[in-house]
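Structure below is structure13.json: JSON, C-alpha atoms and all ligand atoms.
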[["chain", "number", "residue", "atom", "x", "y", "z"],
["D", 1, "MET", "CA", 76.08, 11.38, 134.86],
["D", 2, "SER", "CA", 75.33, 12.33, 138.43],
["D", 3, "ALA", "CA", 72.06, 14.07, 139.27],
["D", 4, "THR", "CA", 73.95, 17.22, 140.18],
["D", 5, "GLU", "CA", 76.00, 17.48, 136.98],
["D", 6, "TYR", "CA", 75.20, 20.46, 134.80],
["D", 7, "ASN", "CA", 73.25, 19.34, 131.73],
["D", 8, "VAL", "CA", 71.79, 20.65, 128.47],
["D", 9, "LYS", "CA", 68.28, 21.06, 129.91],
["D", 10, "GLN", "CA", 69.55, 23.24, 132.76],
["D", 11, "TYR", "CA", 71.83, 25.15, 130.37],
["D", 12, "VAL", "CA", 68.88, 25.99, 128.09],
["D", 13, "SER", "CA", 66.80, 27.03, 131.08],
["D", 14, "ASP", "CA", 69.62, 29.35, 132.26],
["D", 15, "ILE", "CA", 69.98, 30.88, 128.79],
["D", 16, "ARG", "CA", 66.24, 31.54, 128.56],
["D", 17, "ALA", "CA", 66.49, 33.53, 131.80],
["D", 18, "ILE", "CA", 69.51, 35.48, 130.49],
["D", 19, "VAL", "CA", 67.93, 36.48, 127.15],
["D", 20, "ALA", "CA", 64.76, 37.48, 129.00],
["D", 21, "ALA", "CA", 66.78, 39.77, 131.27],
["D", 22, "GLU", "CA", 69.31, 41.25, 128.80],
["D", 23, "THR", "CA", 68.97, 42.98, 125.45],
["D", 24, "ASP", "CA", 72.61, 43.80, 124.74],
["D", 25, "THR", "CA", 74.39, 41.09, 122.73],
["D", 26, "LYS", "CA", 77.64, 41.38, 124.68],
["D", 27, "ALA", "CA", 75.81, 41.23, 128.01],
["D", 28, "ILE", "CA", 74.07, 38.06, 126.83],
["D", 29, "THR", "CA", 77.25, 36.31, 125.67],
["D", 30, "ASP", "CA", 79.25, 37.47, 128.72],
["D", 31, "ARG", "CA", 76.70, 35.73, 130.96],
["D", 32, "ILE", "CA", 76.47, 32.60, 128.81],
["D", 33, "LYS", "CA", 80.23, 32.07, 128.47],
["D", 34, "PRO", "CA", 80.87, 30.66, 131.97],
["D", 35, "LEU", "CA", 77.82, 28.39, 131.64],
["D", 36, "ALA", "CA", 79.00, 27.07, 128.26],
["D", 37, "LYS", "CA", 82.41, 26.45, 129.76],
["D", 38, "GLN", "CA", 80.82, 24.57, 132.66],
["D", 39, "LEU", "CA", 78.73, 22.40, 130.32],
["D", 40, "ALA", "CA", 81.71, 21.68, 128.05],
["D", 41, "ALA", "CA", 83.92, 20.78, 131.04],
["D", 42, "ALA", "CA", 81.65, 17.94, 132.24],
["D", 43, "PRO", "CA", 80.33, 16.36, 129.02],
["D", 44, "GLY", "CA", 78.48, 13.47, 130.66],
["D", 45, "TRP", "CA", 75.60, 14.49, 128.36],
["D", 46, "MET", "CA", 77.68, 13.74, 125.23],
["D", 47, "LYS", "CA", 76.54, 10.82, 123.06],
["D", 48, "ASP", "CA", 78.82, 8.76, 120.80],
["D", 49, "GLU", "CA", 76.79, 9.88, 117.79],
["D", 50, "TYR", "CA", 77.93, 13.48, 118.39],
["D", 51, "ARG", "CA", 81.38, 12.38, 117.20],
["D", 52, "GLY", "CA", 79.89, 11.74, 113.75],
["D", 53, "VAL", "CA", 80.83, 13.95, 110.81],
["D", 54, "ASP", "CA", 79.44, 14.72, 107.37],
["D", 55, "GLU", "CA", 82.48, 13.90, 105.21],
["D", 56, "LYS", "CA", 81.29, 16.09, 102.35],
["D", 57, "GLN", "CA", 81.09, 19.23, 104.47],
["D", 58, "GLY", "CA", 84.05, 18.27, 106.66],
["D", 59, "PHE", "CA", 82.26, 18.55, 110.00],
["D", 60, "GLY", "CA", 79.23, 17.26, 111.86],
["D", 61, "VAL", "CA", 76.54, 19.59, 113.22],
["D", 62, "HIS", "CA", 74.54, 17.92, 116.00],
["D", 63, "LEU", "CA", 71.49, 19.77, 117.25],
["D", 64, "LEU", "CA", 70.95, 19.49, 121.03],
["D", 65, "HIS", "CA", 68.21, 22.10, 121.34],
["D", 66, "GLU", "CA", 66.31, 24.80, 119.51],
["D", 67, "GLU", "CA", 63.13, 26.65, 120.45],
["D", 68, "ASP", "CA", 60.02, 26.09, 118.30],
["D", 69, "ASN", "CA", 60.66, 29.42, 116.54],
["D", 70, "HIS", "CA", 64.33, 28.44, 115.86],
["D", 71, "ASP", "CA", 65.76, 30.73, 118.56],
["D", 72, "LEU", "CA", 68.33, 29.57, 121.14],
["D", 73, "ALA", "CA", 70.03, 26.79, 119.28],
["D", 74, "VAL", "CA", 72.65, 24.58, 120.93],
["D", 75, "PHE", "CA", 74.87, 22.27, 118.86],
["D", 76, "VAL", "CA", 77.88, 20.02, 119.15],
["D", 77, "LEU", "CA", 80.20, 20.65, 116.20],
["D", 78, "THR", "CA", 82.69, 17.94, 115.35],
["D", 79, "TRP", "CA", 85.46, 18.90, 112.94],
["D", 80, "MET", "CA", 87.43, 16.40, 110.86],
["D", 81, "PRO", "CA", 91.23, 16.83, 110.95],
["D", 82, "GLY", "CA", 92.29, 19.34, 108.32],
["D", 83, "ARG", "CA", 88.74, 20.47, 107.60],
["D", 84, "GLY", "CA", 86.61, 23.47, 108.49],
["D", 85, "THR", "CA", 84.57, 26.34, 107.10],
["D", 86, "GLN", "CA", 85.11, 29.24, 104.75],
["D", 87, "PRO", "CA", 84.88, 32.67, 106.40],
["D", 88, "HIS", "CA", 81.30, 33.27, 107.53],
["D", 89, "ASN", "CA", 79.13, 35.45, 109.72],
["D", 90, "HIS", "CA", 76.25, 34.28, 111.93],
["D", 91, "LEU", "CA", 73.79, 37.22, 112.04],
["D", 92, "THR", "CA", 73.07, 36.21, 115.62],
["D", 93, "TRP", "CA", 75.24, 36.04, 118.75],
["D", 94, "ALA", "CA", 77.39, 32.96, 119.26],
["D", 95, "VAL", "CA", 79.23, 31.32, 122.16],
["D", 96, "VAL", "CA", 81.73, 28.50, 121.49],
["D", 97, "ALA", "CA", 83.30, 26.29, 124.18],
["D", 98, "GLY", "CA", 86.02, 23.72, 123.46],
["D", 99, "ILE", "CA", 85.38, 20.12, 124.50],
["D", 100, "GLU", "CA", 88.13, 18.16, 122.78],
["D", 101, "GLY", "CA", 90.98, 18.87, 120.35],
["D", 102, "GLU", "CA", 91.78, 22.24, 118.81],
["D", 103, "GLU", "CA", 89.79, 24.67, 116.74],
["D", 104, "TYR", "CA", 91.79, 27.32, 114.89],
["D", 105, "GLU", "CA", 89.91, 30.50, 114.12],
["D", 106, "GLU", "CA", 90.84, 33.36, 111.77],
["D", 107, "GLU", "CA", 88.97, 36.61, 112.26],
["D", 108, "PHE", "CA", 88.06, 39.04, 109.48],
["D", 109, "GLU", "CA", 86.41, 42.37, 109.00],
["D", 110, "ARG", "CA", 84.53, 43.52, 105.97],
["D", 111, "VAL", "CA", 86.11, 46.48, 104.17],
["D", 112, "ASP", "CA", 83.55, 47.06, 101.37],
["D", 113, "ASP", "CA", 80.28, 48.86, 102.06],
["D", 114, "GLY", "CA", 78.01, 45.88, 101.32],
["D", 115, "SER", "CA", 76.19, 47.74, 98.56],
["D", 116, "LYS", "CA", 77.10, 45.37, 95.67],
["D", 117, "PRO", "CA", 75.05, 42.13, 95.82],
["D", 118, "GLY", "CA", 77.23, 39.00, 95.99],
["D", 119, "TYR", "CA", 80.42, 41.02, 96.51],
["D", 120, "ALA", "CA", 82.38, 41.26, 99.76],
["D", 121, "LYS", "CA", 85.96, 42.31, 100.44],
["D", 122, "LEU", "CA", 87.42, 40.97, 103.69],
["D", 123, "LYS", "CA", 90.56, 41.78, 105.65],
["D", 124, "LYS", "CA", 92.07, 39.39, 108.20],
["D", 125, "THR", "CA", 92.27, 40.98, 111.64],
["D", 126, "GLY", "CA", 93.55, 38.19, 113.89],
["D", 127, "ASP", "CA", 93.57, 34.56, 114.83],
["D", 128, "VAL", "CA", 93.10, 32.42, 117.91],
["D", 129, "THR", "CA", 93.13, 28.72, 118.82],
["D", 130, "LEU", "CA", 90.29, 27.36, 120.95],
["D", 131, "ARG", "CA", 91.08, 24.29, 123.09],
["D", 132, "ALA", "CA", 89.22, 22.29, 125.73],
["D", 133, "GLY", "CA", 88.38, 24.67, 128.58],
["D", 134, "ASP", "CA", 88.43, 27.77, 126.34],
["D", 135, "VAL", "CA", 85.32, 29.73, 125.51],
["D", 136, "SER", "CA", 84.78, 32.54, 122.99],
["D", 137, "ALA", "CA", 81.91, 34.67, 121.73],
["D", 138, "CYS", "CA", 80.99, 36.31, 118.41],
["D", 139, "THR", "CA", 78.83, 39.32, 117.71],
["D", 140, "PRO", "CA", 76.19, 38.92, 114.96],
["D", 141, "ALA", "CA", 78.32, 40.73, 112.36],
["D", 142, "ALA", "CA", 81.65, 39.09, 113.27],
["D", 143, "ILE", "CA", 83.25, 37.08, 110.46],
["D", 144, "HIS", "CA", 85.48, 34.11, 111.14],
["D", 145, "LYS", "CA", 86.88, 31.00, 109.51],
["D", 146, "VAL", "CA", 87.10, 27.88, 111.69],
["D", 147, "TRP", "CA", 89.49, 25.03, 110.97],
["D", 148, "ASN", "CA", 90.68, 21.87, 112.71],
["D", 149, "THR", "CA", 94.46, 22.11, 112.31],
["D", 150, "GLY", "CA", 95.08, 19.06, 114.52],
["D", 151, "ASP", "CA", 95.36, 15.33, 113.74],
["D", 152, "GLU", "CA", 92.34, 14.28, 115.83],
["D", 153, "LEU", "CA", 88.67, 15.21, 115.82],
["D", 154, "SER", "CA", 87.96, 18.63, 117.27],
["D", 155, "ILE", "CA", 84.71, 18.87, 119.23],
["D", 156, "SER", "CA", 83.07, 22.02, 120.57],
["D", 157, "LEU", "CA", 79.79, 23.25, 122.03],
["D", 158, "HIS", "CA", 78.17, 26.04, 119.97],
["D", 159, "THR", "CA", 75.29, 28.15, 121.25],
["D", 160, "TYR", "CA", 73.51, 30.71, 119.07],
["D", 161, "GLY", "CA", 70.73, 33.25, 119.54],
["D", 162, "ARG", "CA", 69.03, 31.61, 116.56],
["D", 163, "HIS", "CA", 69.50, 28.34, 114.64],
["D", 164, "ILE", "CA", 72.30, 29.07, 112.14],
["D", 165, "ASN", "CA", 70.23, 27.92, 109.13],
["D", 166, "PHE", "CA", 67.50, 30.44, 109.96],
["D", 167, "THR", "CA", 69.49, 33.68, 110.20],
["D", 168, "GLY", "CA", 70.16, 34.34, 106.50],
["D", 169, "ARG", "CA", 73.88, 34.34, 107.16],
["D", 170, "SER", "CA", 76.66, 34.32, 104.55],
["D", 171, "GLU", "CA", 79.90, 32.61, 103.71],
["D", 172, "PHE", "CA", 82.68, 34.41, 101.88],
["D", 173, "ASP", "CA", 85.04, 33.39, 99.10],
["D", 174, "LEU", "CA", 88.32, 35.21, 99.73],
["D", 175, "GLU", "CA", 89.81, 34.45, 96.29],
["D", 176, "ASN", "CA", 86.86, 35.84, 94.36],
["D", 177, "ASP", "CA", 85.64, 38.46, 96.88],
["D", 178, "ALA", "CA", 82.23, 36.78, 96.79],
["D", 179, "GLU", "CA", 79.40, 36.44, 99.33],
["D", 180, "LYS", "CA", 76.78, 33.68, 99.21],
["D", 181, "PRO", "CA", 74.25, 32.10, 101.60],
["D", 182, "PHE", "CA", 75.74, 29.67, 104.15],
["D", 183, "VAL", "CA", 73.52, 26.74, 105.13],
["D", 184, "VAL", "CA", 74.95, 23.67, 106.86],
["D", 185, "SER", "CA", 73.83, 20.07, 106.95],
["D", 186, "VAL", "CA", 72.50, 19.30, 110.47],
["D", 187, "GLU", "CA", 72.06, 15.93, 112.21],
["D", 188, "GLU", "CA", 68.93, 15.88, 114.39],
["D", 201, "FE", "FE", 81.06, 30.32, 113.10]]
As C-alpha cells, the full file:
Amino acid sequence: MSATEYNVKQYVSDIRAIVAAETDTKAITDRIKPLAKQLAAAPGWMKDEYRGVDEKQGFGVHLLHEEDNHDLAVFVLTWMPGRGTQPHNHLTWAVVAGIEGEEYEEEFERVDDGSKPGYAKLKKTGDVTLRAGDVSACTPAAIHKVWNTGDELSISLHTYGRHINFTGRSEFDLENDAEKPFVVSVEE
C-alpha cells in the first residue's frame, strides 16, 4: 500500500467529520458513499483473514473499526456462494460498497402497523445486484435480504452509524410473518 492510498484510518476520520456536521441520515450516507467507493476500489488494506467465513451463518463479519460507544462501525462482509441473510433492518444508517463478486439484494417494506409483538408482514418492493465499484445506502428502517447468488465469494465493505449488534435490530421470517432479534457472529 502506498502512503497516499486511502485507508481505513482516514475513512473513519472522514466519517467522524461528516456525522459531526450533518444530522440528516440521507445527507450522512450521501457524503459517505463516494468515500466508501474509494476505499473499496483500492483494497490494499484488505487482509487474507477478511476472506474467512462462519460456515454456520453463511458469511463472515470482520470488524475493522467501531467507536468505544459502538457507534461508527466498519466491517468487511464475506458471503459464501449461495448463502446470505433473511430479511432484516438495521435501525441505523448503512453504506455498502462492493469489493469482489456479487451481492443480490431484495428490498421490502413493512405493511403491518408493528403493534403485535413478534409479528411482521412484509411486501417485496424491489431488487438490485451490487458488484465491485457499486455503492448503496440504507435508511435505519429499510428492510432488505442480502444473498450471494454467484459461484465465488462475495466481499463488500459495510459502514453503519452503530455496530449492528448494538442497535436492537430485527430479522424477519417471511413464511411465518415473524420478527425476532438479529445478532450476527463477528470476527474481531
Ligand atoms: Fe443489511
| query | For Asn165 in chain D, which residue among D:Ala73, D:Ala94, D:Val135, D:Leu122 is the nearest when counting all atoms listed in the file? | reply | D:Ala73
| field | Shell of 8 Å around Ala142 in chain D, only C-alpha atoms, local chain residues under 4 positions omitted, as a list in words | value |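 In the requested form, the answer reads Asn89, His90, Glu107, Phe108, Glu109 and Cys138 of chain D.
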| Which residue gives the smallest distance to ligand FE 201 (chain D) among D:Val186, D:Ala132, D:Glu103, D:Thr125, with only C-alpha atoms and all ligand atoms counted? | D:Glu103
Chain D near ligand FE 201 (chain D) within 10 Å: what's each residue's closest atom pair and its distance in Å to one decimal, counting all atoms listed in the file, ordered by chain then ascending residue number, as a tab-separated table?
residue	atom	partner	partner_atom	distance
D:Gly84	CA	D:FE201	FE	9.9
D:Thr85	CA	D:FE201	FE	8.0
D:Gln86	CA	D:FE201	FE	9.3
D:Pro87	CA	D:FE201	FE	8.1
D:His88	CA	D:FE201	FE	6.3
D:Asn89	CA	D:FE201	FE	6.4
D:His90	CA	D:FE201	FE	6.3
D:Trp93	CA	D:FE201	FE	9.9
D:Ala94	CA	D:FE201	FE	7.6
D:Val95	CA	D:FE201	FE	9.3
D:Val96	CA	D:FE201	FE	8.6
D:Glu105	CA	D:FE201	FE	8.9
D:Ala137	CA	D:FE201	FE	9.7
D:Cys138	CA	D:FE201	FE	8.0
D:Ala142	CA	D:FE201	FE	8.8
D:Ile143	CA	D:FE201	FE	7.6
D:His144	CA	D:FE201	FE	6.1
D:Lys145	CA	D:FE201	FE	6.9
D:Val146	CA	D:FE201	FE	6.7
D:His158	CA	D:FE201	FE	8.6
D:Tyr160	CA	D:FE201	FE	9.6
D:Ile164	CA	D:FE201	FE	8.9
D:Glu171	CA	D:FE201	FE	9.7
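Across D:Gly161, D:Gly52, D:Gly168, D:Pro181, the tightest approach to Val74 in chain D is made by D:Gly161 when counting only C-alpha atoms.
Take CA of Val19 in chain D and CA of Phe182 in chain D: the distance between them is 25.2 Å.
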Write out as a compact mmCIF listing (two decimals) with C-alpha atoms, in the frame of the given file each polymer residue whose atoms come within 8 Å of Ile18 in chain D, counting all atoms listed in the file; drop sequence neighbours fewer than 2 positions from it.
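out-v4.txt, written as the output of this step:
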# COMPACT_ATOMS: atom_id res chain seq x y z
CA ASP D 14 69.62 29.35 132.26
CA ILE D 15 69.98 30.88 128.79
CA ARG D 16 66.24 31.54 128.56
CA ALA D 20 64.76 37.48 129.00
CA ALA D 21 66.78 39.77 131.27
CA GLU D 22 69.31 41.25 128.80
CA ILE D 28 74.07 38.06 126.83
CA ARG D 31 76.70 35.73 130.96
CA ILE D 32 76.47 32.60 128.81
Show me the residues close to (77.2, 24.6, 131.9) - anything with an atom within 7 Å, counting all atoms listed in the file - and format the list as a CSV table (one decimal) with C-alpha atoms, in the frame of the given file.
chain,number,residue,atom,x,y,z
D,6,TYR,CA,75.2,20.5,134.8
D,7,ASN,CA,73.2,19.3,131.7
D,11,TYR,CA,71.8,25.2,130.4
D,35,LEU,CA,77.8,28.4,131.6
D,36,ALA,CA,79.0,27.1,128.3
D,37,LYS,CA,82.4,26.4,129.8
D,38,GLN,CA,80.8,24.6,132.7
D,39,LEU,CA,78.7,22.4,130.3
D,40,ALA,CA,81.7,21.7,128.0
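The interatomic distance for the pair CA of Glu66 in chain D and CA of Lys9 in chain D works out to 11.2 Å.
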| request: Rank nothing, just name the residue among D:Met46, D:Leu63, D:Ala120, D:Ala41 nearest to Ala178 in chain D, using all atoms listed in the file. | output: D:Ala120
| field | Selected residue of minimal separation from Ala97 in chain D among D:Lys33, D:Lys123, D:Lys26, D:Lys47, counting only C-alpha atoms | value | D:Lys33
Shell around Ile155 in chain D at 8 Å using only C-alpha atoms, local window under 4 positions removed, as a PDB file with C-alpha atoms, keeping the file's coordinate frame:
ATOM      1  CA  ARG D  51      81.380  12.380 117.200  1.00  0.00           C
ATOM      2  CA  VAL D  76      77.880  20.020 119.150  1.00  0.00           C
ATOM      3  CA  LEU D  77      80.200  20.650 116.200  1.00  0.00           C
ATOM      4  CA  THR D  78      82.690  17.940 115.350  1.00  0.00           C
ATOM      5  CA  TRP D  79      85.460  18.900 112.940  1.00  0.00           C
ATOM      6  CA  GLY D  98      86.020  23.720 123.460  1.00  0.00           C
ATOM      7  CA  ILE D  99      85.380  20.120 124.500  1.00  0.00           C
ATOM      8  CA  GLU D 100      88.130  18.160 122.780  1.00  0.00           C
ATOM      9  CA  GLY D 101      90.980  18.870 120.350  1.00  0.00           C
ATOM     10  CA  GLU D 102      91.780  22.240 118.810  1.00  0.00           C
TER      11      GLU D 102
END
Can you give me all heavy atoms for range 47-58 of chain D, written as an mmCIF file, in the coordinates of the input?
data_model
loop_
_atom_site.group_PDB
_atom_site.id
_atom_site.type_symbol
_atom_site.label_atom_id
_atom_site.label_comp_id
_atom_site.auth_asym_id
_atom_site.auth_seq_id
_atom_site.Cartn_x
_atom_site.Cartn_y
_atom_site.Cartn_z
ATOM 1 N N LYS D 47 76.840 12.149 123.587
ATOM 2 C CA LYS D 47 76.540 10.820 123.060
ATOM 3 C C LYS D 47 77.581 10.476 121.992
ATOM 4 O O LYS D 47 78.111 11.381 121.336
ATOM 5 C CB LYS D 47 75.144 10.820 122.408
ATOM 6 C CG LYS D 47 74.024 11.106 123.388
ATOM 7 C CD LYS D 47 72.686 11.128 122.648
ATOM 8 C CE LYS D 47 71.546 11.443 123.617
ATOM 9 N NZ LYS D 47 70.281 11.726 122.909
ATOM 10 N N ASP D 48 77.829 9.179 121.802
ATOM 11 C CA ASP D 48 78.820 8.760 120.800
ATOM 12 C C ASP D 48 78.491 9.318 119.425
ATOM 13 O O ASP D 48 79.387 9.653 118.649
ATOM 14 C CB ASP D 48 78.878 7.225 120.713
ATOM 15 C CG ASP D 48 79.592 6.618 121.915
ATOM 16 O OD1 ASP D 48 80.250 7.381 122.656
ATOM 17 O OD2 ASP D 48 79.478 5.392 122.109
ATOM 18 N N GLU D 49 77.180 9.422 119.136
ATOM 19 C CA GLU D 49 76.790 9.880 117.790
ATOM 20 C C GLU D 49 77.232 11.323 117.523
ATOM 21 O O GLU D 49 77.357 11.732 116.369
ATOM 22 C CB GLU D 49 75.280 9.746 117.608
ATOM 23 C CG GLU D 49 74.470 10.667 118.491
ATOM 24 C CD GLU D 49 73.034 10.159 118.712
ATOM 25 O OE1 GLU D 49 72.875 9.022 119.199
ATOM 26 O OE2 GLU D 49 72.112 10.904 118.404
ATOM 27 N N TYR D 50 77.488 12.100 118.588
ATOM 28 C CA TYR D 50 77.930 13.480 118.390
ATOM 29 C C TYR D 50 79.342 13.555 117.801
ATOM 30 O O TYR D 50 79.797 14.608 117.380
ATOM 31 C CB TYR D 50 77.900 14.279 119.701
ATOM 32 C CG TYR D 50 76.539 14.394 120.352
ATOM 33 C CD1 TYR D 50 76.439 14.718 121.706
ATOM 34 C CD2 TYR D 50 75.371 14.191 119.628
ATOM 35 C CE1 TYR D 50 75.205 14.830 122.324
ATOM 36 C CE2 TYR D 50 74.130 14.295 120.239
ATOM 37 C CZ TYR D 50 74.060 14.609 121.591
ATOM 38 O OH TYR D 50 72.851 14.719 122.205
ATOM 39 N N ARG D 51 80.051 12.422 117.793
ATOM 40 C CA ARG D 51 81.380 12.380 117.200
ATOM 41 C C ARG D 51 81.299 12.175 115.676
ATOM 42 O O ARG D 51 82.307 12.186 114.988
ATOM 43 C CB ARG D 51 82.221 11.265 117.819
ATOM 44 C CG ARG D 51 82.303 11.354 119.343
ATOM 45 C CD ARG D 51 83.160 10.243 119.928
ATOM 46 N NE ARG D 51 84.559 10.457 119.642
ATOM 47 C CZ ARG D 51 85.348 11.240 120.362
ATOM 48 N NH1 ARG D 51 84.887 11.868 121.428
ATOM 49 N NH2 ARG D 51 86.612 11.398 120.028
ATOM 50 N N GLY D 52 80.086 11.996 115.181
ATOM 51 C CA GLY D 52 79.890 11.740 113.750
ATOM 52 C C GLY D 52 80.102 13.005 112.933
ATOM 53 O O GLY D 52 79.848 14.119 113.396
ATOM 54 N N VAL D 53 80.585 12.813 111.702
ATOM 55 C CA VAL D 53 80.830 13.950 110.810
ATOM 56 C C VAL D 53 80.179 13.698 109.451
ATOM 57 O O VAL D 53 79.941 12.558 109.067
ATOM 58 C CB VAL D 53 82.344 14.195 110.593
ATOM 59 C CG1 VAL D 53 83.005 14.628 111.886
ATOM 60 C CG2 VAL D 53 83.030 12.964 110.022
ATOM 61 N N ASP D 54 79.896 14.770 108.749
ATOM 62 C CA ASP D 54 79.440 14.720 107.370
ATOM 63 C C ASP D 54 80.706 14.898 106.525
ATOM 64 O O ASP D 54 81.273 15.997 106.472
ATOM 65 C CB ASP D 54 78.431 15.848 107.142
ATOM 66 C CG ASP D 54 77.939 15.933 105.713
ATOM 67 O OD1 ASP D 54 78.731 15.632 104.787
ATOM 68 O OD2 ASP D 54 76.781 16.317 105.519
ATOM 69 N N GLU D 55 81.167 13.843 105.886
ATOM 70 C CA GLU D 55 82.480 13.900 105.210
ATOM 71 C C GLU D 55 82.483 14.912 104.073
ATOM 72 O O GLU D 55 83.522 15.481 103.757
ATOM 73 C CB GLU D 55 82.870 12.514 104.705
ATOM 74 C CG GLU D 55 83.072 11.553 105.868
ATOM 75 C CD GLU D 55 83.957 10.369 105.528
ATOM 76 O OE1 GLU D 55 84.413 10.283 104.378
ATOM 77 O OE2 GLU D 55 84.164 9.539 106.426
ATOM 78 N N LYS D 56 81.337 15.134 103.463
ATOM 79 C CA LYS D 56 81.290 16.090 102.350
ATOM 80 C C LYS D 56 81.547 17.516 102.864
ATOM 81 O O LYS D 56 82.335 18.263 102.290
ATOM 82 C CB LYS D 56 79.923 15.997 101.676
ATOM 83 C CG LYS D 56 79.787 16.804 100.417
ATOM 84 C CD LYS D 56 78.625 16.306 99.564
ATOM 85 C CE LYS D 56 78.324 17.255 98.426
ATOM 86 N NZ LYS D 56 77.347 18.282 98.770
ATOM 87 N N GLN D 57 80.907 17.852 103.983
ATOM 88 C CA GLN D 57 81.090 19.230 104.470
ATOM 89 C C GLN D 57 82.303 19.368 105.382
ATOM 90 O O GLN D 57 82.775 20.468 105.633
ATOM 91 C CB GLN D 57 79.781 19.756 105.063
ATOM 92 C CG GLN D 57 79.535 19.674 106.498
ATOM 93 C CD GLN D 57 78.162 20.242 106.916
ATOM 94 O OE1 GLN D 57 77.566 21.099 106.272
ATOM 95 N NE2 GLN D 57 77.665 19.774 108.042
ATOM 96 N N GLY D 58 82.814 18.235 105.869
ATOM 97 C CA GLY D 58 84.050 18.270 106.660
ATOM 98 C C GLY D 58 83.824 18.365 108.151
ATOM 99 O O GLY D 58 84.771 18.368 108.939
#
